[in-house]
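Engineer: My questions all concern the structure below.
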Amino acid sequence: MSILEVKNVRKVYTTRFGGAKVQALVNMNFSVEQGEFVAIMGESGSGKTTLLNILASLDKPTGGEVLLNGKDLTLIKEKEISAFRRDNLGFVFQDFNLLDNFSLKDNILLPLVLQGKVVEEMEKRLIPIAGRLGIMELLAKYPYEVSGGQKQRTAVARAIITNPQLILADEPTGALDSKASTELLKVFREINSDGQTILMVTHSTKAASHANRILFIKDGEVFHQIYRGNLTDEQLYVKISDTLTVLTQKGNTVEEKRS
């Protein structure tokens, strides 16, 4: 069953003072099934950030529909957007977006505080998540006292503690070293295996090779996609690399590459 459906989405920006128009998304169409782990890749300027902002209900498309479990995000009223985002979406950012004057525990619990959950419920959710992510003994610390990898695991805990329908991850390994990146991707795979749906935007071939499907965006629309199938991470890595090579060769297509 599709949890996310993007149908004929277009986004046109008008430059300052009403000058030229820039079409960031042309005709974006794809869906994400319940429990999928999907990576989105593409060159800078391909439309990835615009797409992510629309999926996060931070921006509205010029045309088309974005359905999350059948609810059209483009029709949500402004006064309801923040609550909808908080209750249905989890976010993991490249720069963590943690509050430095909050402990790790308070950062993780913040979405539940905003939802008005009672302390007993918050603690009940926190303990298994913190234990699984290996940050139980760090909960009293502040973001500036822990490593980048520990910050990102905290951000993941904050993202999943509300039991969101969808996690949106924006370059989640971008600020991490190789070891921390590997650990984070392992965490993503584990929570995905539990049924959590993840949509990750990344430039990293390594990160994308941990997903089950990779969408490649070029010039504002889906250019190609790869399914993992029975491929290992290493085999998928090579296939992604080959596709990215084609993607950067103007005028070529994947079919021409194979012929």
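Just remember, in the structure tokens the first chain shown is A, the second B, etc., residues are 1-based per chain, and ligands are 1-based in the order shown.
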Considering only C-alpha atoms, return as a ChimeraX atom specification whatever protein or nucleic-acid residues lie within 10 Å of Ile135 in chain A, sequence-local ones (same chain, fewer than 6 positions apart) excluded.
Structural biologist: /A:104-105,127,129,141,150-151,153-154,157
Engineer: Output the selection as a PDB file, in the first residue's frame - C-alpha atoms for each residue.
Structural biologist:
```pdb
ATOM      1  CA  LEU A 104      19.680  15.130  24.815  1.00  0.00           C
ATOM      2  CA  LYS A 105      16.708  13.753  26.733  1.00  0.00           C
ATOM      3  CA  ILE A 127      13.680   4.229  27.328  1.00  0.00           C
ATOM      4  CA  ILE A 129      14.444   4.008  21.860  1.00  0.00           C
ATOM      5  CA  LYS A 141      24.417  15.480  28.449  1.00  0.00           C
ATOM      6  CA  GLN A 150      25.798  10.708  18.995  1.00  0.00           C
ATOM      7  CA  LYS A 151      24.011  13.922  18.036  1.00  0.00           C
ATOM      8  CA  ARG A 153      21.395   9.239  16.864  1.00  0.00           C
ATOM      9  CA  THR A 154      19.688  11.678  19.208  1.00  0.00           C
ATOM     10  CA  ALA A 157      15.401   9.198  18.426  1.00  0.00           C
TER      11      ALA A 157
END
```
Engineer: Find the residues around range 200-203 of chain A up to 7 Å (only C-alpha atoms counted), leave out those fewer than 4 positions away in its own chain, and share them as a PyMOL selection string.
Structural biologist: chain A and resi 38-41+168-171+208
Engineer: I need the residues in range 128-256 of chain A that are strand (DSSP E or B) according to DSSP; give them as a list in words.
Structural biologist: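 Selection result, strand (DSSP E or B) within range 128-256 of chain A: Leu166, Ile167, Leu168, Ala169, Asp170, Ile198, Leu199, Met200, Val201, Arg213, Ile214, Leu215, Phe216, Ile217, Lys218, Glu221, Val222, Phe223, His224, Gln225, Ile226 and Tyr227 of chain A.
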Engineer: Excluding Leu114 in chain A and its own-chain neighbours fewer than 6 positions away, which residues fall within 12 Å of it when counting only C-alpha atoms? Please give them as a list in words.
Structural biologist: Ser82, Ala83, Phe84, Arg85, Arg86, Asp87, Asp106, Asn107, Ile108, Met122 and Thr162 of chain A
Engineer: Let me see the file: selected residues, all heavy atoms, as a tab-separated table (two decimals), in the first residue's frame.
Structural biologist:
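Saved result, selection.tsv, follows:
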```tsv
chain	number	residue	atom	x	y	z
A	82	SER	N	1.68	23.03	11.15
A	82	SER	CA	2.68	22.69	12.18
A	82	SER	C	2.27	21.44	12.95
A	82	SER	O	3.09	20.54	13.18
A	82	SER	CB	2.87	23.86	13.14
A	82	SER	OG	3.46	24.95	12.49
A	83	ALA	N	1.01	21.36	13.35
A	83	ALA	CA	0.53	20.20	14.09
A	83	ALA	C	0.55	18.95	13.21
A	83	ALA	O	0.93	17.87	13.68
A	83	ALA	CB	-0.89	20.46	14.60
A	84	PHE	N	0.17	19.10	11.95
A	84	PHE	CA	0.19	17.95	11.04
A	84	PHE	C	1.61	17.43	10.88
A	84	PHE	O	1.87	16.22	10.93
A	84	PHE	CB	-0.37	18.34	9.68
A	84	PHE	CG	-0.31	17.22	8.67
A	84	PHE	CD1	-1.32	16.27	8.62
A	84	PHE	CD2	0.77	17.09	7.80
A	84	PHE	CE1	-1.27	15.22	7.71
A	84	PHE	CE2	0.83	16.05	6.89
A	84	PHE	CZ	-0.19	15.11	6.85
A	85	ARG	N	2.55	18.33	10.68
A	85	ARG	CA	3.96	17.96	10.50
A	85	ARG	C	4.48	17.25	11.75
A	85	ARG	O	5.17	16.23	11.66
A	85	ARG	CB	4.77	19.23	10.21
A	85	ARG	CG	6.18	18.99	9.75
A	85	ARG	CD	6.91	20.30	9.57
A	85	ARG	NE	6.26	21.16	8.62
A	85	ARG	CZ	5.88	22.42	8.85
A	85	ARG	NH1	6.08	22.96	10.04
A	85	ARG	NH2	5.30	23.13	7.91
A	86	ARG	N	4.15	17.79	12.91
A	86	ARG	CA	4.63	17.23	14.17
A	86	ARG	C	4.07	15.83	14.41
A	86	ARG	O	4.76	14.95	14.92
A	86	ARG	CB	4.23	18.16	15.31
A	86	ARG	CG	4.72	17.72	16.68
A	86	ARG	CD	4.23	18.68	17.75
A	86	ARG	NE	2.78	18.63	17.89
A	86	ARG	CZ	1.98	19.69	17.83
A	86	ARG	NH1	2.48	20.89	17.60
A	86	ARG	NH2	0.67	19.56	17.98
A	87	ASP	N	2.81	15.62	14.04
A	87	ASP	CA	2.15	14.36	14.35
A	87	ASP	C	2.39	13.25	13.32
A	87	ASP	O	2.22	12.08	13.63
A	87	ASP	CB	0.63	14.58	14.46
A	87	ASP	CG	0.26	15.47	15.65
A	87	ASP	OD1	1.10	15.63	16.55
A	87	ASP	OD2	-0.87	16.01	15.64
A	106	ASP	N	15.83	16.01	26.75
A	106	ASP	CA	14.81	17.03	26.49
A	106	ASP	C	14.63	17.27	25.00
A	106	ASP	O	13.52	17.55	24.54
A	106	ASP	CB	15.18	18.33	27.20
A	106	ASP	CG	15.04	18.23	28.71
A	106	ASP	OD1	14.33	17.32	29.17
A	106	ASP	OD2	15.67	19.04	29.43
A	107	ASN	N	15.72	17.18	24.22
A	107	ASN	CA	15.62	17.31	22.77
A	107	ASN	C	14.74	16.21	22.19
A	107	ASN	O	13.89	16.47	21.33
A	107	ASN	CB	17.01	17.27	22.13
A	107	ASN	CG	17.64	18.63	21.98
A	107	ASN	OD1	17.28	19.40	21.09
A	107	ASN	ND2	18.60	18.94	22.84
A	108	ILE	N	14.96	15.00	22.67
A	108	ILE	CA	14.20	13.86	22.15
A	108	ILE	C	12.72	13.96	22.52
A	108	ILE	O	11.84	13.67	21.70
A	108	ILE	CB	14.78	12.53	22.70
A	108	ILE	CG1	16.22	12.32	22.18
A	108	ILE	CG2	13.90	11.35	22.30
A	108	ILE	CD1	16.95	11.20	22.88
A	122	MET	N	5.83	9.68	28.01
A	122	MET	CA	7.10	10.09	27.39
A	122	MET	C	8.23	9.17	27.82
A	122	MET	O	9.05	8.74	27.00
A	122	MET	CB	7.39	11.55	27.75
A	122	MET	CG	6.44	12.54	27.09
A	122	MET	SD	6.97	14.27	27.22
A	122	MET	CE	6.58	14.60	28.94
A	162	THR	N	7.64	9.93	18.02
A	162	THR	CA	6.21	10.22	17.81
A	162	THR	C	5.51	9.16	16.97
A	162	THR	O	4.34	9.31	16.65
A	162	THR	CB	6.05	11.58	17.11
A	162	THR	OG1	6.75	11.56	15.86
A	162	THR	CG2	6.57	12.72	17.98
```
Engineer: Can you list, as an mmCIF file with N, CA, C and O atoms, in the first residue's frame, every protein, DNA or RNA residue that comes within 9 Å of Ile226 in chain A when you count only C-alpha atoms, leaving out same-chain residues fewer than 2 positions away?
Structural biologist:
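This is the output file around06.cif:
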```cif
data_model
loop_
_atom_site.group_PDB
_atom_site.id
_atom_site.type_symbol
_atom_site.label_atom_id
_atom_site.label_comp_id
_atom_site.auth_asym_id
_atom_site.auth_seq_id
_atom_site.Cartn_x
_atom_site.Cartn_y
_atom_site.Cartn_z
ATOM 1 N N ASN A 212 16.441 0.528 -0.140
ATOM 2 C CA ASN A 212 15.877 -0.566 -0.929
ATOM 3 C C ASN A 212 15.488 -0.131 -2.338
ATOM 4 O O ASN A 212 15.290 -0.956 -3.215
ATOM 5 N N ARG A 213 15.385 1.202 -2.514
ATOM 6 C CA ARG A 213 15.100 1.750 -3.833
ATOM 7 C C ARG A 213 15.720 3.129 -3.927
ATOM 8 O O ARG A 213 15.722 3.882 -2.963
ATOM 9 N N ILE A 214 16.261 3.444 -5.085
ATOM 10 C CA ILE A 214 16.891 4.739 -5.293
ATOM 11 C C ILE A 214 16.224 5.434 -6.463
ATOM 12 O O ILE A 214 16.114 4.869 -7.557
ATOM 13 N N LEU A 215 15.746 6.653 -6.230
ATOM 14 C CA LEU A 215 15.175 7.489 -7.277
ATOM 15 C C LEU A 215 16.212 8.525 -7.684
ATOM 16 O O LEU A 215 16.810 9.182 -6.831
ATOM 17 N N PHE A 216 16.422 8.667 -8.978
ATOM 18 C CA PHE A 216 17.354 9.662 -9.492
ATOM 19 C C PHE A 216 16.563 10.797 -10.138
ATOM 20 O O PHE A 216 15.718 10.551 -11.003
ATOM 21 N N HIS A 224 15.296 8.117 -13.389
ATOM 22 C CA HIS A 224 15.532 6.669 -13.369
ATOM 23 C C HIS A 224 15.352 6.183 -11.936
ATOM 24 O O HIS A 224 15.374 6.971 -10.991
ATOM 25 N N ARG A 228 16.693 -2.573 -5.157
ATOM 26 C CA ARG A 228 17.748 -3.430 -4.610
ATOM 27 C C ARG A 228 17.591 -4.874 -5.075
ATOM 28 O O ARG A 228 18.551 -5.497 -5.508
ATOM 29 N N GLY A 229 16.389 -5.400 -4.958
ATOM 30 C CA GLY A 229 16.208 -6.810 -5.288
ATOM 31 C C GLY A 229 17.094 -7.671 -4.405
ATOM 32 O O GLY A 229 17.088 -7.543 -3.178
ATOM 33 N N LEU A 236 24.939 -2.894 -5.183
ATOM 34 C CA LEU A 236 24.062 -1.739 -5.360
ATOM 35 C C LEU A 236 24.886 -0.456 -5.473
ATOM 36 O O LEU A 236 24.560 0.434 -6.268
ATOM 37 N N LYS A 239 26.076 -0.161 -8.994
ATOM 38 C CA LYS A 239 24.982 0.183 -9.897
ATOM 39 C C LYS A 239 24.588 1.653 -9.754
ATOM 40 O O LYS A 239 24.296 2.333 -10.744
ATOM 41 N N ILE A 240 24.593 2.153 -8.524
ATOM 42 C CA ILE A 240 24.295 3.568 -8.285
ATOM 43 C C ILE A 240 25.360 4.440 -8.923
ATOM 44 O O ILE A 240 25.061 5.443 -9.589
ATOM 45 N N THR A 243 24.929 4.686 -12.613
ATOM 46 C CA THR A 243 23.793 5.536 -12.974
ATOM 47 C C THR A 243 24.127 7.012 -12.799
ATOM 48 O O THR A 243 23.757 7.847 -13.625
#
```
Engineer: Which residues of range 46-78 of chain A have any atom within 10 Å of an atom in range 4-9 of chain A when counting only C-alpha atoms, and what is the closest pair of atoms for each, with the distance in Å to one decimal? Order the rows by chain and rising number and write it as JSON lines.
Structural biologist:
```
{"residue": "A:Leu51", "atom": "CA", "partner": "A:Val9", "partner_atom": "CA", "distance": 8.9}
{"residue": "A:Ile54", "atom": "CA", "partner": "A:Val9", "partner_atom": "CA", "distance": 9.4}
{"residue": "A:Leu55", "atom": "CA", "partner": "A:Val6", "partner_atom": "CA", "distance": 8.7}
{"residue": "A:Lys60", "atom": "CA", "partner": "A:Val9", "partner_atom": "CA", "distance": 9.7}
{"residue": "A:Pro61", "atom": "CA", "partner": "A:Val9", "partner_atom": "CA", "distance": 6.4}
{"residue": "A:Thr62", "atom": "CA", "partner": "A:Val9", "partner_atom": "CA", "distance": 7.5}
{"residue": "A:Gly63", "atom": "CA", "partner": "A:Val9", "partner_atom": "CA", "distance": 5.5}
{"residue": "A:Gly64", "atom": "CA", "partner": "A:Val9", "partner_atom": "CA", "distance": 4.1}
{"residue": "A:Glu65", "atom": "CA", "partner": "A:Lys7", "partner_atom": "CA", "distance": 5.1}
{"residue": "A:Val66", "atom": "CA", "partner": "A:Val6", "partner_atom": "CA", "distance": 4.7}
{"residue": "A:Leu67", "atom": "CA", "partner": "A:Glu5", "partner_atom": "CA", "distance": 5.0}
{"residue": "A:Leu68", "atom": "CA", "partner": "A:Leu4", "partner_atom": "CA", "distance": 4.7}
{"residue": "A:Asn69", "atom": "CA", "partner": "A:Leu4", "partner_atom": "CA", "distance": 6.3}
{"residue": "A:Gly70", "atom": "CA", "partner": "A:Leu4", "partner_atom": "CA", "distance": 7.9}
{"residue": "A:Lys71", "atom": "CA", "partner": "A:Leu4", "partner_atom": "CA", "distance": 9.3}
{"residue": "A:Asp72", "atom": "CA", "partner": "A:Glu5", "partner_atom": "CA", "distance": 9.2}
```
Engineer: For the selection you just gave me, I'd like the residues written to a file as a CSV table (one decimal), in the first residue's frame, keeping all heavy atoms.
Structural biologist:
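File produced: part.csv:
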```
chain,number,residue,atom,x,y,z
A,51,LEU,N,11.8,19.5,-3.7
A,51,LEU,CA,10.9,18.3,-3.4
A,51,LEU,C,10.8,18.0,-1.9
A,51,LEU,O,9.7,17.8,-1.4
A,51,LEU,CB,11.4,17.1,-4.2
A,51,LEU,CG,10.7,15.8,-3.9
A,51,LEU,CD1,9.2,15.9,-4.4
A,51,LEU,CD2,11.4,14.6,-4.6
A,54,ILE,N,8.6,20.4,-0.1
A,54,ILE,CA,7.2,20.2,-0.4
A,54,ILE,C,6.6,19.0,0.4
A,54,ILE,O,5.6,19.0,1.0
A,54,ILE,CB,6.9,20.0,-1.9
A,54,ILE,CG1,7.1,21.4,-2.6
A,54,ILE,CG2,5.5,19.5,-2.2
A,54,ILE,CD1,7.1,21.3,-4.1
A,55,LEU,N,7.4,17.9,0.4
A,55,LEU,CA,7.0,16.7,1.2
A,55,LEU,C,7.0,17.0,2.7
A,55,LEU,O,6.1,16.4,3.4
A,55,LEU,CB,8.1,15.6,0.9
A,55,LEU,CG,8.2,15.1,-0.5
A,55,LEU,CD1,9.2,13.9,-0.6
A,55,LEU,CD2,6.8,14.6,-1.1
A,60,LYS,N,4.6,24.8,-0.8
A,60,LYS,CA,3.5,24.2,-1.6
A,60,LYS,C,3.9,24.2,-3.0
A,60,LYS,O,4.5,25.1,-3.5
A,60,LYS,CB,2.2,25.1,-1.3
A,60,LYS,CG,1.6,24.9,0.1
A,60,LYS,CD,0.3,25.6,0.2
A,60,LYS,CE,-0.3,25.4,1.5
A,60,LYS,NZ,-0.7,24.0,1.8
A,61,PRO,N,3.4,23.2,-3.7
A,61,PRO,CA,3.7,23.1,-5.2
A,61,PRO,C,2.9,24.1,-6.0
A,61,PRO,O,1.8,24.5,-5.5
A,61,PRO,CB,3.4,21.7,-5.5
A,61,PRO,CG,2.3,21.3,-4.6
A,61,PRO,CD,2.7,22.0,-3.3
A,62,THR,N,3.3,24.4,-7.2
A,62,THR,CA,2.5,25.2,-8.1
A,62,THR,C,1.3,24.4,-8.6
A,62,THR,O,0.3,25.0,-8.9
A,62,THR,CB,3.4,25.7,-9.2
A,62,THR,OG1,4.5,26.4,-8.7
A,62,THR,CG2,2.6,26.7,-10.2
A,63,GLY,N,1.5,23.1,-8.8
A,63,GLY,CA,0.5,22.3,-9.3
A,63,GLY,C,0.7,20.8,-8.8
A,63,GLY,O,1.9,20.5,-8.5
A,64,GLY,N,-0.3,20.0,-8.9
A,64,GLY,CA,-0.1,18.6,-8.5
A,64,GLY,C,-0.6,18.3,-7.1
A,64,GLY,O,-1.1,19.2,-6.4
A,65,GLU,N,-0.4,17.0,-6.7
A,65,GLU,CA,-0.9,16.6,-5.4
A,65,GLU,C,0.2,15.8,-4.7
A,65,GLU,O,1.0,15.1,-5.3
A,65,GLU,CB,-2.1,15.6,-5.6
A,65,GLU,CG,-3.3,16.2,-6.2
A,65,GLU,CD,-4.4,15.1,-6.4
A,65,GLU,OE1,-4.1,14.1,-6.9
A,65,GLU,OE2,-5.5,15.4,-6.0
A,66,VAL,N,0.2,16.0,-3.4
A,66,VAL,CA,1.1,15.2,-2.5
A,66,VAL,C,0.2,14.5,-1.4
A,66,VAL,O,-0.3,15.2,-0.6
A,66,VAL,CB,2.2,16.0,-1.8
A,66,VAL,CG1,3.1,15.2,-0.9
A,66,VAL,CG2,3.1,16.7,-2.9
A,67,LEU,N,0.1,13.2,-1.5
A,67,LEU,CA,-0.8,12.5,-0.6
A,67,LEU,C,-0.1,11.7,0.4
A,67,LEU,O,0.8,10.8,0.0
A,67,LEU,CB,-1.8,11.6,-1.4
A,67,LEU,CG,-2.6,12.2,-2.6
A,67,LEU,CD1,-3.4,11.2,-3.3
A,67,LEU,CD2,-3.5,13.3,-2.0
A,68,LEU,N,-0.3,11.9,1.7
A,68,LEU,CA,0.2,11.1,2.7
A,68,LEU,C,-0.9,10.3,3.3
A,68,LEU,O,-1.8,10.9,4.0
A,68,LEU,CB,0.9,12.0,3.8
A,68,LEU,CG,1.6,11.2,4.9
A,68,LEU,CD1,2.8,10.4,4.4
A,68,LEU,CD2,2.1,12.2,6.0
A,69,ASN,N,-0.9,9.0,3.1
A,69,ASN,CA,-2.0,8.2,3.5
A,69,ASN,C,-3.4,8.7,3.0
A,69,ASN,O,-4.3,8.8,3.8
A,69,ASN,CB,-2.0,7.9,5.0
A,69,ASN,CG,-1.4,6.6,5.4
A,69,ASN,OD1,-1.2,5.7,4.5
A,69,ASN,ND2,-1.0,6.5,6.6
A,70,GLY,N,-3.4,9.2,1.8
A,70,GLY,CA,-4.6,9.7,1.2
A,70,GLY,C,-4.9,11.2,1.5
A,70,GLY,O,-5.8,11.7,0.9
A,71,LYS,N,-4.2,11.8,2.4
A,71,LYS,CA,-4.5,13.2,2.8
A,71,LYS,C,-3.6,14.1,1.9
A,71,LYS,O,-2.4,14.0,1.9
A,71,LYS,CB,-4.2,13.5,4.3
A,71,LYS,CG,-4.6,14.9,4.7
A,71,LYS,CD,-4.4,15.0,6.2
A,71,LYS,CE,-4.8,16.4,6.7
A,71,LYS,NZ,-6.3,16.6,6.6
A,72,ASP,N,-4.2,15.1,1.2
A,72,ASP,CA,-3.4,15.9,0.3
A,72,ASP,C,-2.8,17.1,1.2
A,72,ASP,O,-3.4,17.9,1.7
A,72,ASP,CB,-4.4,16.5,-0.7
A,72,ASP,CG,-3.6,17.3,-1.8
A,72,ASP,OD1,-2.4,17.5,-1.7
A,72,ASP,OD2,-4.2,17.5,-2.9
```
Engineer: Quick one: pick out all helix (DSSP H, G or I) residues within range 43-244 of chain A from a backbone DSSP run and write them as an NGL selection string.
Structural biologist: :A and (48-55 or 73-75 or 78-88 or 104-115 or 119-132 or 136-138 or 143-145 or 148-160 or 178-193 or 205-208 or 233-244)
Engineer: Ser103 in chain A: which residues within 10 Å, counting only C-alpha atoms, same-chain residues fewer than 2 positions away excluded, as a PyMOL selection string?
Structural biologist: chain A and resi 98-101+105-109+138-145
Engineer: With C-alpha atoms retained, could you export that selection as a tab-separated table (two decimals), in the first residue's frame?
Structural biologist:
```
chain	number	residue	atom	x	y	z
A	98	LEU	CA	19.30	20.06	18.27
A	99	LEU	CA	18.76	22.76	20.90
A	100	ASP	CA	22.07	23.38	22.70
A	101	ASN	CA	20.40	24.56	25.93
A	105	LYS	CA	16.71	13.75	26.73
A	106	ASP	CA	14.81	17.03	26.49
A	107	ASN	CA	15.62	17.31	22.77
A	108	ILE	CA	14.20	13.86	22.15
A	109	LEU	CA	11.08	14.45	24.23
A	138	LEU	CA	24.14	10.21	27.36
A	139	LEU	CA	20.64	11.51	28.01
A	140	ALA	CA	21.71	14.01	30.68
A	141	LYS	CA	24.42	15.48	28.45
A	142	TYR	CA	24.03	18.47	26.15
A	143	PRO	CA	24.63	18.46	22.38
A	144	TYR	CA	27.96	20.29	22.69
A	145	GLU	CA	29.22	17.51	24.99
```
Engineer: Of the residues A:Ile198, A:Val92, A:Leu110, A:Val118, which is the one nearest to Glu33 in chain A, using only C-alpha atoms?
Structural biologist: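 Of all the options, A:Ile198 lies closest to Glu33 in chain A.
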Engineer: One number please: CA of Gly90 in chain A to CA of Ala159 in chain A, in Å, one decimal.
Structural biologist: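 CA of Ala159 in chain A lies at a distance of 4.2 Å from CA of Gly90 in chain A.
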Engineer: Using only C-alpha atoms, pick whichever of A:Val156, A:Met28, A:Gly148, A:Thr173 has the shortest atom-to-atom distance to Gly47 in chain A.
Structural biologist: A:Met28
Engineer: Mind checking which residues fall within 12 Å of Asp177 in chain A, counting only C-alpha atoms, ignoring those fewer than 3 positions away in the same chain, and posting them as a list in words?
Structural biologist: Ser147, Gly148, Gly149, Gln150, Gln152, Pro172, Thr173, Gly174, Ala180, Ser181, Thr182, Glu183 and Leu184 of chain A
Engineer: Residues of the last selection are to be written out with N, CA and C atoms, as a short mmCIF file (atom, residue, chain, number, x, y, z; two decimals), in the first residue's frame.
Structural biologist:
```cif
data_model
loop_
_atom_site.label_atom_id
_atom_site.label_comp_id
_atom_site.auth_asym_id
_atom_site.auth_seq_id
_atom_site.Cartn_x
_atom_site.Cartn_y
_atom_site.Cartn_z
N SER A 147 29.56 13.59 20.51
CA SER A 147 30.10 13.56 19.15
C SER A 147 29.01 13.77 18.11
N GLY A 148 29.43 13.97 16.86
CA GLY A 148 28.48 14.14 15.77
C GLY A 148 27.58 12.93 15.60
N GLY A 149 28.18 11.74 15.69
CA GLY A 149 27.38 10.53 15.55
C GLY A 149 26.35 10.39 16.65
N GLN A 150 26.73 10.77 17.87
CA GLN A 150 25.80 10.71 19.00
C GLN A 150 24.69 11.75 18.85
N GLN A 152 23.52 12.74 15.98
CA GLN A 152 22.60 12.28 14.93
C GLN A 152 21.73 11.14 15.42
N PRO A 172 21.57 12.94 5.92
CA PRO A 172 21.81 12.63 7.33
C PRO A 172 23.25 12.24 7.67
N THR A 173 24.03 11.81 6.69
CA THR A 173 25.43 11.44 6.96
C THR A 173 26.40 12.54 6.55
N GLY A 174 25.87 13.67 6.08
CA GLY A 174 26.72 14.71 5.51
C GLY A 174 27.73 15.30 6.46
N ALA A 180 30.92 6.97 11.93
CA ALA A 180 29.61 7.41 12.41
C ALA A 180 28.55 7.25 11.34
N SER A 181 28.93 7.47 10.07
CA SER A 181 27.99 7.29 8.96
C SER A 181 27.53 5.85 8.88
N THR A 182 28.47 4.92 8.99
CA THR A 182 28.14 3.50 8.93
C THR A 182 27.20 3.11 10.05
N GLU A 183 27.46 3.64 11.25
CA GLU A 183 26.62 3.33 12.40
C GLU A 183 25.21 3.88 12.21
N LEU A 184 25.12 5.10 11.67
CA LEU A 184 23.81 5.71 11.46
C LEU A 184 23.01 4.94 10.41
#
```
